[in-house]
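Peer 1: Below is work.txt; it holds compact mmCIF, C-alpha atoms.
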# COMPACT_ATOMS: atom_id res chain seq x y z
CA PRO A 61 7.90 31.90 16.52
CA VAL A 62 4.65 31.20 14.69
CA ALA A 63 6.32 28.97 12.09
CA CYS A 64 8.21 27.12 14.82
CA ALA A 65 4.99 26.58 16.78
CA GLY A 66 3.39 25.15 13.65
CA ALA A 67 6.34 22.83 13.08
CA VAL A 68 6.22 21.64 16.70
CA ALA A 69 2.48 20.88 16.35
CA VAL A 70 3.12 18.84 13.20
CA VAL A 71 5.96 16.86 14.78
CA LYS A 72 3.86 16.16 17.89
CA THR A 73 1.07 14.83 15.70
CA LEU A 74 3.45 12.61 13.72
CA LEU A 75 4.91 11.19 16.93
CA GLU A 76 1.56 10.30 18.50
CA ASP A 77 1.09 6.61 19.26
CA ASP A 78 -0.27 4.69 16.26
CA PHE A 79 -0.48 7.80 14.04
CA LEU A 80 1.61 6.34 11.22
CA ALA A 81 -0.05 2.92 11.60
CA GLU A 82 -3.39 4.67 11.10
CA VAL A 83 -2.02 6.41 8.00
CA VAL A 84 -1.13 3.00 6.55
CA LYS A 85 -4.63 1.69 7.33
CA LYS A 86 -6.23 4.73 5.69
CA GLY A 87 -4.04 4.21 2.61
CA GLU A 88 -5.26 0.62 2.35
CA TYR A 89 -8.83 1.81 2.85
CA LEU A 90 -8.44 4.35 0.04
CA THR A 91 -6.94 1.70 -2.24
CA GLN A 92 -9.85 -0.67 -1.62
CA GLY A 93 -12.33 2.14 -2.22
CA LEU A 94 -10.72 3.06 -5.53
CA LEU A 95 -10.64 -0.61 -6.56
CA SER A 96 -14.37 -0.74 -5.86
CA VAL A 97 -14.87 2.30 -8.08
CA ALA A 98 -12.81 0.66 -10.83
CA ARG A 99 -14.99 -2.46 -10.63
CA GLU A 100 -18.14 -0.32 -10.77
CA PHE A 101 -16.92 1.67 -13.81
CA PRO A 102 -14.80 -0.79 -15.86
CA HIS A 103 -15.30 1.23 -19.05
CA LEU A 104 -13.53 4.21 -17.41
CA ALA A 105 -11.11 2.70 -14.89
CA GLY A 106 -8.89 -0.35 -14.90
CA GLY A 107 -7.44 -0.41 -11.39
CA THR A 108 -5.30 1.53 -8.99
CA ARG A 109 -1.67 2.25 -8.29
CA GLY A 110 0.21 4.09 -5.63
CA MET A 111 1.59 3.77 -2.15
CA GLY A 112 0.11 4.79 1.18
CA LEU A 113 -2.23 7.73 0.82
CA ILE A 114 -0.79 8.68 -2.58
CA GLN A 115 -3.18 6.71 -4.77
CA SER A 116 -4.32 6.87 -8.38
CA LEU A 117 -7.25 5.54 -10.31
CA VAL A 118 -5.83 4.12 -13.55
CA LEU A 119 -8.03 5.10 -16.48
CA THR A 120 -8.91 3.12 -19.57
CA GLU A 121 -8.60 4.68 -23.03
CA THR A 122 -12.15 5.96 -22.72
CA GLY A 123 -11.41 7.32 -19.25
CA VAL A 124 -8.22 9.03 -20.40
CA ARG A 125 -10.20 11.07 -22.92
CA GLN A 126 -12.40 12.25 -20.02
CA GLY A 127 -9.53 12.83 -17.54
CA PRO A 128 -9.54 16.64 -17.49
CA ALA A 129 -13.34 16.72 -17.31
CA ILE A 130 -13.30 14.26 -14.39
CA VAL A 131 -10.82 16.43 -12.47
CA ASN A 132 -12.82 19.59 -13.17
CA SER A 133 -16.06 17.94 -12.04
CA LEU A 134 -14.40 16.64 -8.88
CA PHE A 135 -13.16 20.16 -8.16
CA GLU A 136 -16.73 21.45 -8.47
CA HIS A 137 -17.64 18.89 -5.76
CA GLY A 138 -14.82 20.13 -3.51
CA VAL A 139 -12.41 17.28 -4.28
CA LEU A 140 -8.83 18.16 -5.23
CA ALA A 141 -7.30 15.65 -7.61
CA ASN A 142 -5.14 15.85 -10.68
CA PHE A 143 -4.84 14.12 -14.04
CA ALA A 144 -1.32 12.74 -13.87
CA GLY A 145 0.70 11.42 -16.78
CA ASN A 146 -2.37 11.50 -19.01
CA LYS A 147 -3.26 8.10 -17.52
CA VAL A 148 -4.50 8.41 -13.94
CA ILE A 149 -6.59 10.50 -11.58
CA ARG A 150 -4.29 11.05 -8.59
CA PHE A 151 -5.48 11.63 -5.04
CA ILE A 152 -3.13 12.86 -2.29
CA PRO A 153 -5.18 13.51 0.84
CA PRO A 154 -3.55 14.88 4.00
CA LEU A 155 -2.25 12.39 6.55
CA ILE A 156 -5.01 13.45 8.94
CA VAL A 157 -7.81 12.55 6.51
CA SER A 158 -10.62 10.54 8.11
CA LYS A 159 -12.32 7.46 6.71
CA ASP A 160 -15.53 9.49 6.50
CA GLU A 161 -13.74 12.05 4.31
CA ILE A 162 -12.35 9.25 2.12
CA ASP A 163 -15.89 7.89 1.77
CA GLU A 164 -17.17 11.34 0.85
CA MET A 165 -14.48 11.67 -1.84
CA LEU A 166 -15.31 8.21 -3.20
CA ASN A 167 -19.01 9.09 -3.34
CA HIS A 168 -18.25 12.28 -5.27
CA LEU A 169 -16.00 10.28 -7.63
CA LYS A 170 -18.77 7.75 -8.27
CA GLU A 171 -21.24 10.57 -8.90
CA VAL A 172 -18.90 12.21 -11.42
CA LEU A 173 -18.11 8.95 -13.22
CA SER A 174 -21.77 7.97 -13.39
CA LYS A 175 -22.46 11.10 -15.46
CA ILE A 176 -19.89 10.19 -18.12
I need this file expressed as structure tokens, please.
Peer 2:
Amino acid sequence: PVACAGAVAVVKTLLEDDFLAEVVKKGEYLTQGLLSVAREFPHLAGGTRGMGLIQSLVLTETGVRQGPAIVNSLFEHGVLANFAGNKVIRFIPPLIVSKDEIDEMLNHLKEVLSKI
């Protein structure tokens, strides 16, 4: 019963009016934020790739060498990310992430990259 109640709550959330449209908007917002980070740190990042809320910051050769350290530093700031394919820092926030939380993650990312 508990698992079923959880599943019902998730489905109700997904079926709310404009929920998925908001997810698309938040994905675009995250993409633009990561592009801004890439422009601010061109020696470490060269752009973004991904779809929806599954987004990655594409690293330069210099950034790739720092990939594991970037992920570890982000973790110390409470941000879960991974170093995928030895080329990108991947972010997969939950569908219910807020723009404020995306901003907080981007600020932590900028702080970490500024120390490299």
Peer 1: (-2.9, 13.6, -1.3) in this file's frame - what residues fall within 7 Å of it? Use only C-alpha atoms and give the answer as a list in words.
Peer 2: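 Those residues, ordered by chain and then number, are Leu113, Ile114, Phe151, Ile152, Pro153 and Pro154 of chain A.
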Peer 1: Out of A:Leu119, A:Leu173, A:Ala65, A:Val70, which residue has the shortest atom-to-atom distance to Lys147 of chain A when counting only C-alpha atoms?
Peer 2: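 Closest candidate: A:Leu119.
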Peer 1: What's the separation between atom CA of Glu88 of chain A and atom CA of Leu166 of chain A, in Å to one decimal place?
Peer 2: 13.8 Å
Peer 1: Which of these residues is nearest to Val84 of chain A, using all atoms listed in the file: A:Gly145, A:Gly112, A:Gly127, A:Gly106?
Peer 2: A:Gly112
Peer 1: Distance atom CA of Val157 of chain A-atom CA of Tyr89 of chain A, one decimal place?
Peer 2: 11.4 Å
Peer 1: Please report the interatomic distance between atom CA of Glu121 of chain A and atom CA of Leu104 of chain A in Å with one decimal.
Peer 2: 7.5 Å
Peer 1: At a cut-off of 7 Å, using all atoms listed in the file, what residues contact Val172 of chain A? Leave out same-chain residues fewer than 4 positions from it and give the result as an NGL selection string.
Peer 2: :A and (130 or 133-134 or 168)
Peer 1: So, counting all atoms listed in the file, which residue among A:Phe101, A:Leu155, A:Arg109, A:Thr122 is closest to Leu80 of chain A?
Peer 2: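 Once distances to Leu80 of chain A are computed over all atoms listed in the file, the minimum belongs to A:Leu155.
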Peer 1: Quick one: residues within 12 Å of Asn167 of chain A, only C-alpha atoms counted, chain neighbours fewer than 3 positions away excluded, as a PyMOL selection string?
Peer 2: chain A and resi 93-94+96-97+134+137-139+160-164+170-174
Peer 1: Calculated over all atoms listed in the file, which of the candidates A:Leu95, A:Ala105, A:Asn142, A:Ala129 has the smallest distance to Lys175 of chain A?
Peer 2: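 Of A:Leu95, A:Ala105, A:Asn142, A:Ala129, the one nearest Lys175 of chain A, counting all atoms listed in the file, is A:Ala129.
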Peer 1: Pick from A:Ala98, A:Val124, A:Val83, A:Ile149: nearest to Met111 of chain A, with all atoms listed in the file counted?
Peer 2: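 The shortest atom-to-atom distance to Met111 of chain A comes from A:Val83.
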Peer 1: Between A:Thr120, A:Asp77, A:Phe143, A:Leu90, single out the one closest to Met165 of chain A, counting all atoms listed in the file.
Peer 2: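 Counting all atoms listed in the file, the residue closest to Met165 of chain A is A:Leu90.
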Peer 1: List the neighbours of Thr91 of chain A out to 8 Å using all atoms listed in the file; skip same-chain residues closer than 4 positions along the sequence, and give me the result as a ChimeraX atom specification.
Peer 2: /A:87,95,108,115
Peer 1: List every protein, DNA or RNA residue that has an atom no more than 6 Å from (-16.8, 9.8, -18.9) in the file's coordinate frame, counting only C-alpha atoms, and report them as a PyMOL selection string.
Peer 2: chain A and resi 123+126+173+176
